[in-house]
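Working notes, structure below.
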Amino acid sequence: FFDVTTNVPDKFERYTDNNPIKKEMNFYTLEEFTQFISVVDDLKYQALFILLFYNGLRIGEANALLWSDVDFNTHQVNINKSISTKIRDNDGNYLVSTPKTKGSVRILPLANVPLKALKSLYDYYSTYDGFNDSWHVFGGIKAIPESNIQKAKNKYVRLSKLKNIRVHDFRH
């Protein structure tokens with residue numbers, strides 16, 4: 001092809017990155033998480049961090065949950081969308097999309113701890129005028145901005161005197 005008589009890629013060594021950036025994965029043990037959650041004084045953040053920790057959700061998946069996605073009878077939560085509060089559409093609404101991968105669309109069982117936390121949050125929100133199942137589980141009418149979640153997490157990390165981990169690391 002183009003008078004090239006050899007396969008050019010075969011003449012070179014494969015590229016290897018000798019200095020890859022290593023992502024450090026941090027997490028809390030159950031004991032550390034118990035210490036962390038003991039200082040969380042806001043019901044919505046308490047339920048959020050419990051769901052992230054126990055069910056391994058990504059923050060966008062948790063933040064996109066509507067009450068219609070939570071089934072208290074079967075003790076399940078339907079993960080079928082993700083939300084980015086960093087990006088807005090032309091109308092100023094947060095960008096809702098499908099989860100990261102096809103395998104990320106799933107129905108997860110709720111163990112007693114996250115079930116109890118979500119039920120307490122549901123009972124709290126249900127006292128609000130106009131409450132319905134199309135409200136966001138975390139935030140109400142609108143999802144919580146990720147920057148607010150980050151600030152809350154940092155506050156509770158300081159109060160609990162634990163190592164600082166990323167919000168994403170709660171899922172590990």
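By order of appearance in the structure tokens: chains A, B, ..., then residues from 1 within every chain, and ligands from 1 in the order shown.
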
Could you give me, as a list in words, each residue of region 24-165 of chain A that DSSP assigns to strand (DSSP E) when run on this structure's backbone?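 DSSP on the backbone gives strand (DSSP E) at Val70, Asp71, Gln76, Val77, Asn78, Ile79, Ser82, Ile83, Ser84, Thr85, Lys86, Ile87, Arg88, Tyr94, Leu95, Val96, Ser97, Arg106, Ile107, Leu108 and Pro109 of chain A.
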
Please list as a ChimeraX atom specification every residue within 9 Å of Arg171 (chain A), counting only C-alpha atoms and excluding residues in the same chain fewer than 4 positions away. /A:27,51-59,167

Region 129-139 of chain A surroundings by only C-alpha atoms, 9 Å radius, close-in-sequence under 5 positions cut, as a list in words: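 My list of contacting residues is Lys44, Tyr45, Ala47, Leu48, Ala62, Asn63, Ala64, Leu65, Leu66, Trp67, Ser68, Asp69, Val70, Leu118, Leu121, Tyr122, Ile144 and Pro145 of chain A.
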
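Note that CA of Glu146 (chain A) and CA of Ser84 (chain A) are 7.9 Å apart.
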
Just give me the gap between CA of Ser38 (chain A) and CA of Ile149 (chain A) in Å, one decimal is fine.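 These atoms are spaced 16.9 Å apart.
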
Shortest interatomic distance to Thr29 (chain A) - which of A:His168, A:Tyr94, A:Lys153, A:Lys163, counting only C-alpha atoms: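 Smallest separation from Thr29 (chain A) among the options: A:Lys163.
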
Could you state the separation of CA of Lys100 (chain A) and CA of Lys86 (chain A) in Å, given to one decimal place? 15.8 Å

Please, which residues of region 2-147 of chain A, numbered as in this document, come out helix (DSSP H, G or I) from DSSP, as a VMD selection string? chain A and resid 8 to 11 30 to 37 43 to 55 59 to 64 67 to 69 102 to 104 112 to 125 146 to 147

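Nearest to Pro99 (chain A) of all the residues A:Glu13, A:Asp71, A:Asp3, A:Glu61 is A:Glu61, based on only C-alpha atoms.
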
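Residues within 7 Å of Ser97 (chain A), counting only C-alpha atoms and excluding same-chain residues fewer than 5 positions away, are Lys81, Ser82 and Ile83 of chain A.
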
Contacts of Leu159 (chain A) at 12 Å (only C-alpha atoms; same-chain gap of 2+ positions) as a PyMOL selection string: chain A and resi 35-41+152-157+161-164

Counting only C-alpha atoms, figure out which residue out of A:Leu115, A:Ser160, A:Asn18, A:Ile141 gets nearest to Glu31 (chain A).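 Using only C-alpha atoms, the shortest distance to Glu31 (chain A) belongs to A:Ser160.
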
Residues near Lys119 (chain A), anyone? I mean within 9 Å using only C-alpha atoms, not counting same-chain ones fewer than 5 positions away, as a PyMOL selection string. chain A and resi 72+114+124
